[in-house]
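Student: Next comes protein38.cif, mmCIF, C-alpha atoms:
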```
data_data
loop_
_atom_site.label_atom_id
_atom_site.label_comp_id
_atom_site.auth_asym_id
_atom_site.auth_seq_id
_atom_site.Cartn_x
_atom_site.Cartn_y
_atom_site.Cartn_z
CA MET A 1 -10.18 -40.43 58.67
CA ALA A 2 -10.97 -37.09 57.00
CA LYS A 3 -8.23 -34.54 56.49
CA GLY A 4 -8.27 -31.97 59.27
CA GLN A 5 -8.48 -28.22 58.90
CA LEU A 6 -5.54 -25.85 58.72
CA VAL A 7 -6.27 -23.19 61.34
CA GLY A 8 -4.17 -20.05 61.76
CA TYR A 9 -3.70 -17.79 64.74
CA ILE A 10 -2.41 -14.20 64.66
CA ARG A 11 -1.73 -11.99 67.66
CA VAL A 12 -0.46 -8.47 68.12
CA SER A 13 -0.32 -6.74 71.48
CA THR A 14 -2.27 -3.55 70.75
CA GLU A 15 -4.99 -2.24 68.45
CA GLU A 16 -2.44 0.04 66.76
CA GLN A 17 -0.10 -2.78 65.75
CA ASN A 18 -0.29 -4.28 62.28
CA THR A 19 -0.95 -7.97 61.61
CA ALA A 20 0.30 -7.85 57.99
CA ARG A 21 3.64 -9.60 58.61
CA GLN A 22 1.95 -12.54 60.29
CA GLN A 23 -0.86 -12.66 57.71
CA GLU A 24 1.67 -12.75 54.89
CA ALA A 25 3.58 -15.61 56.51
CA LEU A 26 0.35 -17.60 56.82
CA THR A 27 -0.82 -17.09 53.20
CA ASP A 28 1.24 -20.01 51.87
CA PHE A 29 -0.78 -22.46 53.98
CA ASN A 30 -4.22 -22.03 52.35
CA LEU A 31 -5.86 -21.89 55.77
CA ASP A 32 -9.45 -22.95 56.37
CA LYS A 33 -9.89 -20.45 59.22
CA VAL A 34 -7.85 -17.70 60.90
CA PHE A 35 -8.32 -16.28 64.39
CA THR A 36 -6.82 -12.86 65.22
CA ASP A 37 -6.34 -11.23 68.63
CA LYS A 38 -5.13 -7.74 69.45
CA ALA A 39 -4.19 -8.40 73.05
CA SER A 40 -1.23 -9.06 75.31
CA GLY A 41 0.35 -12.50 75.26
CA LYS A 42 0.84 -12.49 79.03
CA ASP A 43 -1.85 -15.18 79.44
CA THR A 44 -4.24 -17.24 77.35
CA ASP A 45 -7.35 -15.27 78.31
CA ARG A 46 -7.87 -13.87 74.80
CA PRO A 47 -11.22 -14.14 73.00
CA GLN A 48 -9.95 -15.32 69.62
CA LEU A 49 -7.39 -17.73 71.10
CA GLN A 50 -10.14 -19.29 73.20
CA ALA A 51 -12.36 -19.49 70.11
CA ALA A 52 -9.54 -21.15 68.16
CA LEU A 53 -8.88 -23.67 70.93
CA ALA A 54 -12.60 -24.53 71.05
CA HIS A 55 -12.70 -24.84 67.24
CA LEU A 56 -9.72 -27.19 66.85
CA ARG A 57 -10.44 -30.91 66.44
CA GLU A 58 -8.41 -34.09 66.08
CA GLY A 59 -6.54 -34.09 62.78
CA ASP A 60 -6.38 -30.28 62.55
CA THR A 61 -3.14 -28.31 62.30
CA PHE A 62 -2.83 -25.10 64.31
CA ILE A 63 -0.39 -22.75 62.57
CA ILE A 64 1.10 -19.76 64.38
CA TYR A 65 3.75 -17.36 63.08
CA SER A 66 5.91 -17.58 66.21
CA MET A 67 5.83 -19.11 69.70
CA ASP A 68 5.67 -15.68 71.32
CA ARG A 69 2.49 -14.96 69.34
CA LEU A 70 0.80 -17.90 71.08
CA SER A 71 2.05 -17.00 74.55
CA ARG A 72 4.71 -15.07 76.42
CA SER A 73 4.26 -17.34 79.42
CA LEU A 74 6.35 -20.51 79.34
CA THR A 75 3.78 -22.39 81.41
CA ASP A 76 0.88 -21.33 79.17
CA LEU A 77 2.86 -22.11 76.01
CA ILE A 78 3.78 -25.62 77.14
CA ASN A 79 0.30 -26.35 78.53
CA THR A 80 -1.41 -25.14 75.35
CA VAL A 81 0.85 -27.14 73.04
CA LYS A 82 0.55 -30.30 75.19
CA SER A 83 -3.23 -29.92 75.49
CA LEU A 84 -3.64 -29.56 71.73
CA THR A 85 -1.30 -32.40 70.79
CA ALA A 86 -2.98 -34.66 73.37
CA LYS A 87 -6.26 -34.27 71.48
CA GLY A 88 -4.60 -34.98 68.14
CA VAL A 89 -3.99 -31.43 66.93
CA LYS A 90 -0.65 -30.70 65.28
CA VAL A 91 0.89 -27.34 66.38
CA GLN A 92 3.21 -25.62 63.91
CA PHE A 93 5.33 -22.51 64.46
CA ILE A 94 6.55 -20.90 61.24
CA LYS A 95 9.38 -18.66 62.46
CA GLU A 96 10.99 -21.36 64.60
CA ALA A 97 10.29 -24.04 61.95
CA LEU A 98 8.96 -26.38 64.65
CA THR A 99 6.00 -28.72 64.58
CA PHE A 100 4.62 -30.53 67.61
CA THR A 101 2.59 -33.70 67.16
CA GLY A 102 2.54 -35.12 70.66
CA GLU A 103 5.34 -37.57 69.96
CA ASN A 104 7.90 -37.49 72.72
CA ASN A 105 10.69 -35.77 70.77
CA PRO A 106 13.38 -34.63 73.22
CA MET A 107 14.83 -32.00 70.85
CA ALA A 108 11.41 -30.48 70.11
CA ASN A 109 10.59 -30.43 73.83
CA LEU A 110 13.91 -28.72 74.61
CA LEU A 111 13.33 -26.08 71.93
CA LEU A 112 9.78 -25.46 73.15
CA GLY A 113 11.12 -24.83 76.65
CA VAL A 114 14.04 -22.66 75.54
CA MET A 115 12.05 -20.56 73.05
CA GLY A 116 9.16 -20.24 75.50
CA SER A 117 11.56 -19.07 78.21
CA LEU A 118 12.97 -16.45 75.85
CA ALA A 119 9.47 -15.15 75.06
CA GLU A 120 8.67 -14.93 78.78
CA TRP A 121 11.98 -13.15 79.48
CA GLU A 122 11.33 -10.68 76.65
CA ARG A 123 7.91 -9.81 78.11
CA ALA A 124 9.50 -9.20 81.53
CA VAL A 125 12.13 -6.90 79.97
CA ILE A 126 9.45 -4.96 78.08
CA ARG A 127 7.45 -4.52 81.29
CA GLU A 128 10.57 -3.42 83.17
CA ARG A 129 11.33 -0.77 80.53
CA GLN A 130 7.72 0.40 80.59
CA LEU A 131 7.79 0.86 84.38
CA ALA A 132 11.13 2.69 84.19
CA GLY A 133 9.70 5.02 81.52
CA ILE A 134 6.63 5.73 83.65
CA ALA A 135 8.82 6.49 86.67
CA ILE A 136 10.88 8.98 84.62
CA ALA A 137 7.75 10.60 83.20
CA LYS A 138 6.26 10.90 86.70
CA ALA A 139 9.46 12.48 88.02
CA GLN A 140 9.30 15.02 85.18
CA GLY A 141 5.63 15.69 85.91
CA VAL A 142 4.59 14.44 82.47
CA TYR A 143 2.82 11.21 83.45
CA LYS A 144 -0.41 11.73 85.31
CA GLY A 145 -1.81 8.21 85.08
CA ARG A 146 -5.31 7.29 84.13
CA LYS A 147 -8.06 9.90 84.46
CA GLN A 148 -10.12 9.46 87.61
CA ALA A 149 -13.58 7.96 87.02
CA LEU A 150 -15.13 10.28 89.59
CA THR A 151 -14.42 13.90 90.46
CA PRO A 152 -13.36 14.69 94.04
CA GLN A 153 -16.91 15.94 94.72
CA GLU A 154 -18.42 12.71 93.37
CA GLN A 155 -15.97 10.68 95.45
CA ALA A 156 -17.06 12.51 98.61
CA GLU A 157 -20.73 11.99 97.71
CA LEU A 158 -20.09 8.29 97.04
CA ARG A 159 -18.47 7.83 100.46
CA SER A 160 -21.28 9.72 102.18
CA LEU A 161 -23.97 7.63 100.47
CA ALA A 162 -22.11 4.40 101.29
CA LEU A 163 -21.92 5.42 104.96
CA SER A 164 -25.67 6.06 104.93
CA GLY A 165 -26.21 2.42 103.95
CA ILE A 166 -26.75 2.53 100.19
CA GLY A 167 -25.56 -0.69 98.55
CA LYS A 168 -22.53 -0.99 96.27
CA THR A 169 -24.58 -2.04 93.23
CA GLU A 170 -26.90 0.94 93.60
CA LEU A 171 -23.90 3.26 94.00
CA ALA A 172 -22.28 1.80 90.88
CA GLU A 173 -25.46 2.43 88.90
CA LYS A 174 -25.92 5.96 90.30
CA PHE A 175 -22.38 7.02 89.38
CA ALA A 176 -22.22 4.94 86.16
CA VAL A 177 -19.14 3.02 87.24
CA SER A 178 -18.41 -0.63 87.97
CA ARG A 179 -18.81 -2.17 91.43
CA GLN A 180 -15.06 -2.68 91.41
CA THR A 181 -14.58 1.09 90.99
CA VAL A 182 -16.97 1.73 93.89
CA TYR A 183 -14.95 -0.61 96.12
CA ALA A 184 -11.69 1.06 95.03
CA TYR A 185 -12.98 4.51 96.03
CA LEU A 186 -14.28 3.21 99.37
CA LYS A 187 -10.90 1.75 100.42
#
```
Render the structure in this file as structure tokens.
Tutor:
Amino acid sequence: MAKGQLVGYIRVSTEEQNTARQQEALTDFNLDKVFTDKASGKDTDRPQLQAALAHLREGDTFIIYSMDRLSRSLTDLINTVKSLTAKGVKVQFIKEALTFTGENNPMANLLLGVMGSLAEWERAVIRERQLAGIAIAKAQGVYKGRKQALTPQEQAELRSLALSGIGKTELAEKFAVSRQTVYAYLK
């Protein structure tokens, strides 16, 4: 059997964040390929993670800096690791110094659950702080939210045209917005 590839995965939550720390940690592994996402870890619906998962084959090793870089959802973390190891991919986390091979190792399974739970808890705390900060900013009149896609006049025109029987797709095209935005304004 041929030696598998060493495949790395890097994730930061926003475009502004720097991947250097994770890249540096992965340099010692002489990786064949690296996938990088700048997206939230709340779920696995990330383009480069999906590309990495599609790329990985039996015998490969998937190397990630930390469990919370793969997912901040315990369910997604466990499902991803189990799915990969079931197809013969080794999953290695550098920071936690853990490697999963699919063997039923009770200690590794416990640590996966505990560390995954901590990542999920941390995401919930971050979200809670964010909402509290928004509430304070709103109370101080600083936070205005996202800019409206349509002006009040355009909103009135949209409603009038919808009442006259013009379809949602045509309205979306006319106002250069998505159908979802049209539906939101017609609620």
Student: Provide the CA of Glu15 in chain A to CA of Lys42 in chain A distance in Å, to one decimal place.
Tutor: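 Separation between CA of Glu15 in chain A and CA of Lys42 in chain A: 15.8 Å.
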Student: Using the chain letters and numbers from the file, which residues does the PyMOL selection byres ((chain A and resi 48) around 10) grab, as a count of residues only?
Tutor: 19
Student: Report the distance between CA of Thr61 in chain A and CA of Thr85 in chain A in Å, rounded to one decimal place.
Tutor: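 CA of Thr85 in chain A lies at a distance of 9.6 Å from CA of Thr61 in chain A.
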Student: Could you name the residues that touch range 92-105 of chain A at 7 Å or less, counting all atoms listed in the file, but leaving out those on the same chain fewer than 3 positions away, as a ChimeraX atom specification?
Tutor: /A:62-67,82,85-86,89,108-109
Student: What's the separation between CA of Ser160 in chain A and CA of Phe175 in chain A, in Å to one decimal place?
Tutor: 13.1 Å
Student: For each of A:Arg159, A:Gly116, A:Ser164, A:Phe29, take the minimum atom-to-atom distance to Val81 in chain A, counting only C-alpha atoms, then give the residue where this is smallest.
Tutor: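 Under the stated criterion, the closest residue is A:Gly116.
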Student: Between A:Gly145, A:Pro106, A:Gly167, A:Gly41, single out the one closest to Ala119 in chain A, counting all atoms listed in the file.
Tutor: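 With all atoms listed in the file as the atom set, the closest residue is A:Gly41.
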Student: Using only C-alpha atoms, which protein or nucleic acid residues come within 12 Å of Ala184 in chain A? Drop anything in the same chain fewer than 2 positions from it, and give the result as a compact mmCIF listing (two decimals) with C-alpha atoms, in the coordinates of the input.
Tutor:
```txt
# COMPACT_ATOMS: atom_id res chain seq x y z
CA GLN A 148 -10.12 9.46 87.61
CA ALA A 149 -13.58 7.96 87.02
CA LEU A 150 -15.13 10.28 89.59
CA GLN A 155 -15.97 10.68 95.45
CA LEU A 158 -20.09 8.29 97.04
CA ARG A 159 -18.47 7.83 100.46
CA LYS A 168 -22.53 -0.99 96.27
CA ALA A 172 -22.28 1.80 90.88
CA VAL A 177 -19.14 3.02 87.24
CA SER A 178 -18.41 -0.63 87.97
CA ARG A 179 -18.81 -2.17 91.43
CA GLN A 180 -15.06 -2.68 91.41
CA THR A 181 -14.58 1.09 90.99
CA VAL A 182 -16.97 1.73 93.89
CA LEU A 186 -14.28 3.21 99.37
CA LYS A 187 -10.90 1.75 100.42
```
Student: Let me make sure I understand: among A:Leu70, A:Leu110, A:Asp43, A:Tyr185, which one has the smallest atom-to-atom distance to Ala156 in chain A if we use all atoms listed in the file?
Tutor: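 With all atoms listed in the file as the atom set, the closest residue is A:Tyr185.
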Student: So, counting all atoms listed in the file, which residue among A:Arg72, A:Glu24, A:Leu56, A:Tyr183 is closest to Arg127 in chain A?
Tutor: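 Counting all atoms listed in the file, the residue closest to Arg127 in chain A is A:Arg72.
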Student: Using only C-alpha atoms, can you tell me which of A:Asp68, A:Ala176, A:His55, A:Asp76 comes closest to Val12 in chain A?
Tutor: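 Selected residue with least distance to Val12 in chain A: A:Asp68.
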Student: I'd like to know which of A:Ala162, A:Ala25, A:Leu31, A:Leu74 is closest to Gly113 in chain A, using all atoms listed in the file.
Tutor: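 Checking each of A:Ala162, A:Ala25, A:Leu31, A:Leu74 against Gly113 in chain A, counting all atoms listed in the file, the winner is A:Leu74.
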Student: Rebuild range 151-162 of chain A to N, CA and C atoms - output it as a compact mmCIF listing (two decimals), in the frame of the given file, please.
Tutor:
```txt
# COMPACT_ATOMS: atom_id res chain seq x y z
N THR A 151 -15.02 12.65 89.99
CA THR A 151 -14.42 13.90 90.46
C THR A 151 -14.28 13.83 91.98
N PRO A 152 -13.47 14.69 92.57
CA PRO A 152 -13.36 14.69 94.04
C PRO A 152 -14.73 14.89 94.73
N GLN A 153 -15.58 15.72 94.15
CA GLN A 153 -16.91 15.94 94.72
C GLN A 153 -17.74 14.65 94.65
N GLU A 154 -17.68 13.96 93.52
CA GLU A 154 -18.42 12.71 93.37
C GLU A 154 -17.88 11.64 94.32
N GLN A 155 -16.57 11.63 94.52
CA GLN A 155 -15.97 10.68 95.45
C GLN A 155 -16.49 10.91 96.86
N ALA A 156 -16.56 12.17 97.27
CA ALA A 156 -17.06 12.51 98.61
C ALA A 156 -18.53 12.09 98.73
N GLU A 157 -19.31 12.35 97.70
CA GLU A 157 -20.73 11.99 97.71
C GLU A 157 -20.88 10.47 97.78
N LEU A 158 -20.06 9.74 97.03
CA LEU A 158 -20.09 8.29 97.04
C LEU A 158 -19.84 7.75 98.44
N ARG A 159 -18.80 8.27 99.10
CA ARG A 159 -18.47 7.83 100.46
C ARG A 159 -19.60 8.13 101.42
N SER A 160 -20.18 9.31 101.31
CA SER A 160 -21.28 9.72 102.18
C SER A 160 -22.49 8.80 102.00
N LEU A 161 -22.83 8.51 100.74
CA LEU A 161 -23.97 7.63 100.47
C LEU A 161 -23.70 6.20 100.96
N ALA A 162 -22.46 5.75 100.82
CA ALA A 162 -22.11 4.40 101.29
C ALA A 162 -22.24 4.33 102.81
```
